[in-house]
file work_1.cif (mmCIF, C-alpha atoms and all ligand atoms)
data_protein
#
loop_
_atom_site.label_atom_id
_atom_site.label_comp_id
_atom_site.auth_asym_id
_atom_site.auth_seq_id
_atom_site.Cartn_x
_atom_site.Cartn_y
_atom_site.Cartn_z
CA MET A 202 164.81 81.29 32.48
CA SER A 203 164.81 80.70 36.24
CA ASP A 204 161.34 81.31 37.54
CA ILE A 205 161.61 81.26 41.30
CA ILE A 206 159.54 83.89 43.06
CA ILE A 207 161.91 86.23 44.90
CA LYS A 208 160.82 89.11 47.08
CA GLU A 209 163.89 91.29 46.37
CA THR A 210 163.48 90.86 42.59
CA ILE A 211 159.82 91.88 42.75
CA ASN A 212 160.65 94.90 44.90
CA SER A 213 163.37 95.97 42.48
CA LEU A 214 160.89 95.84 39.59
CA VAL A 215 158.12 97.85 41.29
CA ASP A 216 158.83 101.55 41.01
CA LYS A 217 159.37 102.99 44.53
CA SER A 218 157.85 99.87 46.04
CA SER A 219 156.03 100.37 49.32
CA PHE A 220 154.83 96.77 49.39
CA ASP A 221 155.79 94.54 52.26
CA ILE A 222 156.15 91.25 50.42
CA VAL A 223 156.01 87.81 52.04
CA VAL A 224 156.93 84.88 49.76
CA LEU A 225 155.96 81.35 50.83
CA LYS A 226 156.82 78.03 49.26
CA SER A 227 153.49 76.51 50.15
CA VAL A 228 150.42 77.66 52.05
CA ASN A 229 146.80 76.61 52.31
CA SER A 230 145.53 79.93 50.90
CA THR A 231 147.30 83.28 50.55
CA ASN A 232 143.98 85.02 51.33
CA SER A 233 143.67 83.09 54.60
CA TYR A 234 147.32 83.80 55.44
CA ALA A 235 146.88 87.54 54.72
CA LYS A 236 143.74 87.54 56.87
CA ALA A 237 145.71 86.02 59.76
CA LEU A 238 148.51 88.60 59.27
CA ALA A 239 145.93 91.40 59.40
CA LYS A 240 144.58 90.07 62.70
CA PHE A 241 148.13 90.13 64.11
CA GLY A 242 148.60 93.73 63.04
CA SER A 243 150.06 93.62 59.53
CA SER A 244 148.85 96.50 57.56
CA HIS A 245 148.41 98.34 54.33
CA GLU A 246 150.17 96.95 51.24
CA THR A 247 151.33 93.67 52.73
CA VAL A 248 151.46 91.16 49.87
CA VAL A 249 151.45 87.40 50.40
CA ILE A 250 152.66 85.32 47.46
CA ALA A 251 152.94 81.53 47.36
CA ASP A 252 154.52 79.18 44.87
CA ARG A 253 151.72 76.72 45.60
CA GLN A 254 148.44 76.61 47.54
CA THR A 255 147.08 73.45 49.09
CA ALA A 256 143.57 74.86 49.57
CA GLY A 257 143.32 77.84 47.22
CA ARG A 258 139.87 79.38 47.51
CA GLY A 259 137.67 80.70 44.72
CA ARG A 260 134.38 82.58 44.79
CA LEU A 261 131.18 80.85 45.86
CA GLY A 262 133.08 78.26 47.91
CA ARG A 263 134.94 76.82 44.93
CA GLU A 264 138.51 75.58 45.01
CA PHE A 265 141.23 77.36 43.01
CA PHE A 266 143.66 74.84 41.51
CA SER A 267 147.12 76.08 42.55
CA PRO A 268 149.98 73.75 41.58
CA ALA A 269 153.64 74.54 42.35
CA GLY A 270 155.91 76.49 40.03
CA THR A 271 153.44 77.39 37.28
CA GLY A 272 151.09 80.01 38.67
CA ILE A 273 150.84 83.24 40.62
CA TYR A 274 148.84 83.06 43.83
CA MET A 275 148.93 86.34 45.68
CA SER A 276 146.90 88.39 48.12
CA VAL A 277 147.21 92.11 48.67
CA LEU A 278 146.17 93.41 52.08
CA LEU A 279 144.88 96.99 52.04
CA ASP A 280 143.62 99.37 54.72
CA ALA A 281 140.21 100.52 53.56
CA ASP A 282 140.85 104.08 54.70
CA LYS A 283 144.14 104.39 52.81
CA ILE A 284 142.80 103.80 49.31
CA SER A 285 140.84 106.12 47.07
CA LEU A 286 138.35 103.48 45.96
CA ALA A 287 135.41 102.01 47.85
CA SER A 288 135.73 98.33 48.68
CA SER A 289 133.03 97.63 46.09
CA HIS A 290 135.33 98.94 43.34
CA ILE A 291 138.47 97.15 44.41
CA THR A 292 137.67 93.88 42.68
CA VAL A 293 136.97 95.77 39.45
CA ALA A 294 140.31 97.57 39.92
CA ALA A 295 142.17 94.26 40.29
CA GLY A 296 140.52 92.88 37.14
CA VAL A 297 141.52 95.93 35.12
CA ALA A 298 145.09 95.81 36.49
CA VAL A 299 145.48 92.15 35.46
CA CYS A 300 144.02 92.85 31.99
CA ARG A 301 146.46 95.75 31.42
CA VAL A 302 149.36 93.41 32.20
CA LEU A 303 148.06 90.48 30.13
CA LYS A 304 147.50 92.78 27.17
CA ASP A 305 151.15 93.72 27.41
CA ILE A 306 152.69 90.26 27.84
CA CYS A 307 150.39 87.84 25.97
CA ASN A 308 149.74 87.38 22.28
CA ASP A 309 145.98 87.35 22.83
CA THR A 310 143.51 89.90 24.18
CA PRO A 311 142.20 89.27 27.71
CA PHE A 312 138.46 89.51 28.45
CA ILE A 313 136.59 89.81 31.71
CA LYS A 314 133.50 87.78 32.47
CA TRP A 315 131.61 89.74 35.09
CA VAL A 316 132.41 89.97 37.89
CA ASN A 317 136.04 89.07 37.67
CA ASP A 318 137.00 85.96 35.78
CA ILE A 319 139.64 86.73 33.18
CA PHE A 320 139.69 84.77 29.97
CA ILE A 321 142.14 84.44 27.11
CA GLY A 322 140.49 82.78 24.15
CA ARG A 323 137.87 80.46 25.61
CA LYS A 324 139.89 79.61 28.71
CA LYS A 325 139.71 81.13 32.18
CA VAL A 326 143.26 82.08 33.12
CA CYS A 327 142.70 84.20 36.22
CA GLY A 328 140.26 84.52 39.12
CA ILE A 329 139.98 87.20 41.76
CA LEU A 330 138.63 86.82 45.28
CA ALA A 331 138.23 90.00 47.35
CA GLU A 332 137.34 89.66 51.02
CA SER A 333 136.79 92.32 53.68
CA LEU A 334 137.56 92.38 57.36
CA GLY A 335 135.46 94.47 59.70
CA ASN A 336 136.26 96.33 62.90
CA PRO A 337 134.16 96.45 66.09
CA SER A 338 132.06 99.28 64.68
CA HIS A 339 131.19 96.97 61.73
CA SER A 340 132.78 99.16 59.10
CA ILE A 341 135.34 97.62 56.75
CA SER A 342 138.87 97.99 58.08
CA ASN A 343 140.86 95.81 55.65
CA ILE A 344 140.39 94.43 52.20
CA ILE A 345 142.21 91.35 50.96
CA VAL A 346 142.42 91.03 47.21
CA GLY A 347 143.44 87.55 46.09
CA ILE A 348 144.61 87.03 42.53
CA GLY A 349 145.17 83.59 41.04
CA LEU A 350 146.79 83.50 37.60
CA ASN A 351 147.66 80.34 35.67
CA VAL A 352 150.98 81.18 34.02
CA THR A 353 152.44 78.01 32.53
CA THR A 354 150.27 75.21 33.96
CA PRO A 355 150.03 72.67 31.11
CA SER A 356 146.47 71.96 30.06
CA ALA A 357 146.88 68.25 30.89
CA ASP A 358 147.68 69.12 34.52
CA PHE A 359 144.31 70.71 35.27
CA PRO A 360 141.85 68.37 36.98
CA ASP A 361 139.41 66.74 34.54
CA GLU A 362 136.51 68.96 35.56
CA LEU A 363 138.55 72.11 34.72
CA ASN A 364 140.26 70.81 31.64
CA ASN A 365 137.87 72.35 29.11
CA ILE A 366 137.52 75.63 30.94
CA ALA A 367 140.84 76.58 32.56
CA GLY A 368 143.98 77.61 30.70
CA SER A 369 147.30 79.40 31.17
CA ILE A 370 148.64 82.61 29.72
CA PHE A 371 152.03 81.27 28.51
CA PRO A 372 153.62 84.74 28.41
CA LYS A 373 156.27 85.86 25.97
CA ASN A 374 159.58 85.78 27.91
CA THR A 375 158.18 87.22 31.13
CA SER A 376 158.99 85.69 34.50
CA ARG A 377 156.52 85.36 37.34
CA ASN A 378 158.49 88.02 39.28
CA GLU A 379 158.02 90.47 36.40
CA ILE A 380 154.31 89.67 36.07
CA ILE A 381 153.76 90.10 39.81
CA ALA A 382 155.62 93.44 39.78
CA LYS A 383 153.60 94.66 36.78
CA ILE A 384 150.28 93.67 38.39
CA LEU A 385 151.20 95.35 41.70
CA THR A 386 152.28 98.51 39.86
CA GLU A 387 149.05 98.74 37.82
CA PHE A 388 146.83 97.79 40.75
CA LYS A 389 148.39 100.44 42.98
CA SER A 390 148.05 103.15 40.34
CA ILE A 391 144.34 102.32 40.10
CA TYR A 392 143.50 102.10 43.82
CA LYS A 393 145.37 105.38 44.42
CA SER A 394 143.21 107.15 41.85
CA SER A 395 139.61 108.17 42.37
CA ASP A 396 138.68 108.15 38.69
CA ILE A 397 135.77 105.71 39.01
CA GLU A 398 134.33 106.68 35.64
CA GLY A 399 137.64 105.96 33.88
CA LEU A 400 137.95 102.66 35.74
CA ILE A 401 134.48 101.45 34.80
CA LYS A 402 135.01 102.59 31.20
CA GLU A 403 138.19 100.51 30.97
CA TYR A 404 136.50 97.55 32.69
CA LYS A 405 133.61 97.70 30.19
CA LYS A 406 136.06 97.69 27.27
CA HIS A 407 137.36 94.33 28.52
CA SER A 408 133.95 92.88 29.31
CA PHE A 409 132.70 90.11 27.08
CA VAL A 410 129.21 89.85 28.54
CA LEU A 411 127.75 93.15 27.32
CA GLU A 412 124.98 92.74 24.73
CA LYS A 413 125.25 88.96 25.14
CA LYS A 414 122.65 86.51 26.33
CA ILE A 415 123.47 85.41 29.86
CA SER A 416 121.88 83.21 32.48
CA PHE A 417 122.20 83.14 36.23
CA ILE A 418 120.58 81.72 39.35
CA GLN A 419 119.12 83.97 42.02
CA ASN A 420 117.40 82.70 45.17
CA GLY A 421 117.32 79.23 43.65
CA LYS A 422 115.55 80.44 40.48
CA ALA A 423 117.05 80.43 36.98
CA PHE A 424 116.93 83.64 34.92
CA SER A 425 118.17 84.64 31.52
CA GLY A 426 118.38 87.90 29.63
CA ILE A 427 120.71 90.29 27.86
CA ALA A 428 123.54 91.98 29.79
CA LYS A 429 122.96 95.66 28.96
CA ASN A 430 125.40 97.65 31.05
CA ILE A 431 127.82 97.81 33.95
CA ASN A 432 126.99 100.79 36.12
CA ASN A 433 129.39 103.02 38.06
CA GLU A 434 129.13 100.72 41.08
CA GLY A 435 130.33 97.80 38.95
CA ASN A 436 126.88 96.16 39.02
CA LEU A 437 125.59 94.31 35.98
CA ILE A 438 122.32 95.55 34.48
CA VAL A 439 120.37 92.76 32.80
CA LYS A 440 117.24 93.00 30.67
CA LEU A 441 115.34 89.81 31.46
CA GLU A 442 113.34 87.86 28.90
CA ASN A 443 110.09 89.07 30.51
CA GLY A 444 111.12 92.69 29.81
CA GLU A 445 112.04 93.53 33.41
CA THR A 446 115.44 95.06 34.18
CA ILE A 447 117.45 93.69 37.09
CA THR A 448 120.69 94.91 38.73
CA LEU A 449 123.12 92.19 39.82
CA LYS A 450 125.55 93.17 42.57
CA SER A 451 127.34 89.84 42.89
CA GLY A 452 127.08 86.25 41.81
CA ASP A 453 128.02 84.30 38.77
CA VAL A 454 126.68 84.50 35.24
CA SER A 455 126.95 82.03 32.38
CA LEU A 456 127.01 83.02 28.75
CA GLY A 457 124.12 81.71 26.65
CA SER A 458 123.67 78.08 27.42
CA GLU A 459 127.36 77.47 28.07
CA SER A 460 128.60 77.19 31.60
CA PHE A 461 131.72 79.11 32.51
CA ALA A 462 131.20 78.52 36.20
CA ILE A 463 134.55 77.52 37.62
C1 LIG B 501 137.70 82.55 41.51
O1 LIG B 501 138.09 82.17 40.40
O2 LIG B 501 136.55 82.27 41.92
C2 LIG B 501 138.62 83.34 42.37
C3 LIG B 501 139.94 82.66 42.54
C4 LIG B 501 140.89 83.43 43.43
C5 LIG B 501 142.15 82.64 43.66
C6 LIG B 501 143.18 83.42 44.40
S1 LIG B 501 144.74 82.61 44.41
C7 LIG B 501 145.33 83.71 45.59
C8 LIG B 501 144.22 83.94 46.58
N1 LIG B 501 144.21 82.93 47.60
C9 LIG B 501 143.13 82.17 47.55
O3 LIG B 501 142.88 81.21 48.32
N2 LIG B 501 142.33 82.57 46.56
C10 LIG B 501 142.88 83.71 45.86
#
call {"tool": "encode", "arguments": {"input": "work_1.cif", "output": "structure tokens"}}
result
Amino acid sequence: MSDIIIKETINSLVDKSSFDIVVLKSVNSTNSYAKALAKFGSSHETVVIADRQTAGRGRLGREFFSPAGTGIYMSVLLDADKISLASSHITVAAGVAVCRVLKDICNDTPFIKWVNDIFIGRKKVCGILAESLGNPSHSISNIIVGIGLNVTTPSADFPDELNNIAGSIFPKNTSRNEIIAKILTEFKSIYKSSDIEGLIKEYKKHSFVLEKKISFIQNGKAFSGIAKNINNEGNLIVKLENGETITLKSGDVSLGSESFAI
């Protein structure tokens, strides 16, 4: 099966596509490229997709390994005032959209590690990096949602430090064009809806941190506790070992004593 990313094929697979798709062979980062496009006036529903990234960016300043031909690296540029969700919910929306698609095309069930790392089995297969752009009045004008999905990257190709943690989805007979179209379709149906409760409910169903022991670092201090809930803002509620309850808005959590931080 030929697996070249083609704009026209993606558009033909997205029902009544309104996306303005830009496909690149290689770029430093699709998020950075989308940010530059936004500054030059590109607008709502521009999607930048690359076959390869030379400096793919992850959360917390990490790198996202993005080799040619075997992954999906895409960024969706949205106007904040044209979507029904607040920017704080958009990353949750992207995670749920990817899970819906993986459920459909993979043999295994996808799980989300809060905030937005998607796992199949014990391997992280997808990461999401949402960034906002402000306007002169300091409100958010654009949101860039970057999705990195390892599709067929062989395990031996991941750098040594990722080898035990990162994996690929190896879909059943589904091309990258089809996966991209499915993700865009699901993502759009979610950001066009204002059913926050339904969104959080679906997100929680995919979460594998709830009722588990987690640890995290805040202001240079290590904490651990039990993840009790994800509230309607998408924040993680943790009952600490000292009995206190804390609400995490962002950051990175590890399960038990294992580190999933990649
Ligand atoms: C993470 O795992 O911390 C988030 C990874 C996000 C990677 C995607 S790939 C497409 C887009 N462009 C980037 O530079 N990063 C995001």
call {"tool": "closest_residue", "arguments": {"input": "work_1.cif", "among": "A:Lys402, A:Lys373, A:Lys236, A:Lys383", "to": "ligand LIG 501 (chain B)", "atoms": "all atoms listed in the file"}}
result
A:Lys236
call {"tool": "atom_distance", "arguments": {"input": "work_1.cif", "atom1": "atom CA of A:Arg377", "atom2": "atom CA of A:Ile206"}}
result
6.6 Å
call {"tool": "closest_residue", "arguments": {"input": "work_1.cif", "among": "A:Ala382, A:Ala237, A:Ile319, A:Leu261", "to": "A:Ile207", "atoms": "all atoms listed in the file"}}
result
A:Ala382
call {"tool": "atom_distance", "arguments": {"input": "work_1.cif", "atom1": "atom CA of A:Asp309", "atom2": "atom CA of A:Phe409"}}
result
14.2 Å
call {"tool": "residues_near_ligand", "arguments": {"input": "work_1.cif", "ligand": "ligand LIG 501 (chain B)", "cutoff": "6 Å", "atoms": "all atoms listed in the file", "output": "count of residues only"}}
result
17
call {"tool": "closest_residue", "arguments": {"input": "work_1.cif", "among": "A:Glu398, A:Asp216, A:Glu264, A:Glu332", "to": "A:Ser289", "atoms": "only C-alpha atoms"}}
result
A:Glu332
call {"tool": "residues_around", "arguments": {"input": "work_1.cif", "residues": "A:Asp305", "least_positions_apart": "3", "cutoff": "12 Å", "atoms": "only C-alpha atoms", "output": "list of chain:residue names"}}
result
A:Ala298, A:Val299, A:Cys300, A:Arg301, A:Val302, A:Asn308, A:Asp309, A:Thr310, A:Pro311, A:Ile370, A:Pro372, A:Lys373, A:Asn374, A:Thr375, A:Glu379, A:Ile380, A:Lys383, A:Ile384, A:Glu387
call {"tool": "atom_distance", "arguments": {"input": "work_1.cif", "atom1": "atom CA of A:Val439", "atom2": "atom CA of A:Ile344"}}
result
27.9 Å
call {"tool": "closest_residue", "arguments": {"input": "work_1.cif", "among": "A:Asn351, A:Thr255, A:Asn317, A:Asn378", "to": "A:Glu209", "atoms": "only C-alpha atoms"}}
result
A:Asn378
call {"tool": "residues_around", "arguments": {"input": "work_1.cif", "residues": "A:Ser219", "least_positions_apart": "5", "cutoff": "9 Å", "atoms": "all atoms listed in the file", "output": "list in words"}}
result
Asn212, Glu246 and Thr247 of chain A
call {"tool": "decode", "arguments": {"input": "work_1.cif", "residues": "stretch 298-326 of chain A", "atoms": "C-alpha atoms", "output": "CSV table (one decimal), in the first residue's frame"}}
result
chain,number,residue,atom,x,y,z
A,298,ALA,CA,-10.3,12.4,18.9
A,299,VAL,CA,-7.1,10.3,18.5
A,300,CYS,CA,-8.4,7.6,20.9
A,301,ARG,CA,-11.7,7.3,18.9
A,302,VAL,CA,-9.6,6.7,15.8
A,303,LEU,CA,-7.1,4.3,17.4
A,304,LYS,CA,-10.0,2.3,18.8
A,305,ASP,CA,-11.3,1.9,15.3
A,306,ILE,CA,-8.1,1.0,13.5
A,307,CYS,CA,-5.9,-0.9,16.0
A,308,ASN,CA,-6.3,-4.3,17.6
A,309,ASP,CA,-5.6,-2.9,21.1
A,310,THR,CA,-7.4,-0.3,23.3
A,311,PRO,CA,-5.8,3.1,23.6
A,312,PHE,CA,-5.3,4.8,27.0
A,313,ILE,CA,-4.6,8.4,27.9
A,314,LYS,CA,-2.0,9.3,30.5
A,315,TRP,CA,-3.0,12.7,31.8
A,316,VAL,CA,-2.7,15.2,30.3
A,317,ASN,CA,-2.4,13.9,26.8
A,318,ASP,CA,0.0,11.0,26.2
A,319,ILE,CA,-1.7,8.2,24.4
A,320,PHE,CA,-0.6,4.6,25.1
A,321,ILE,CA,-1.3,1.3,23.4
A,322,GLY,CA,-0.2,-1.5,25.7
A,323,ARG,CA,2.8,-0.1,27.7
A,324,LYS,CA,4.1,2.0,24.8
A,325,LYS,CA,3.5,5.7,24.2
A,326,VAL,CA,2.3,6.0,20.6
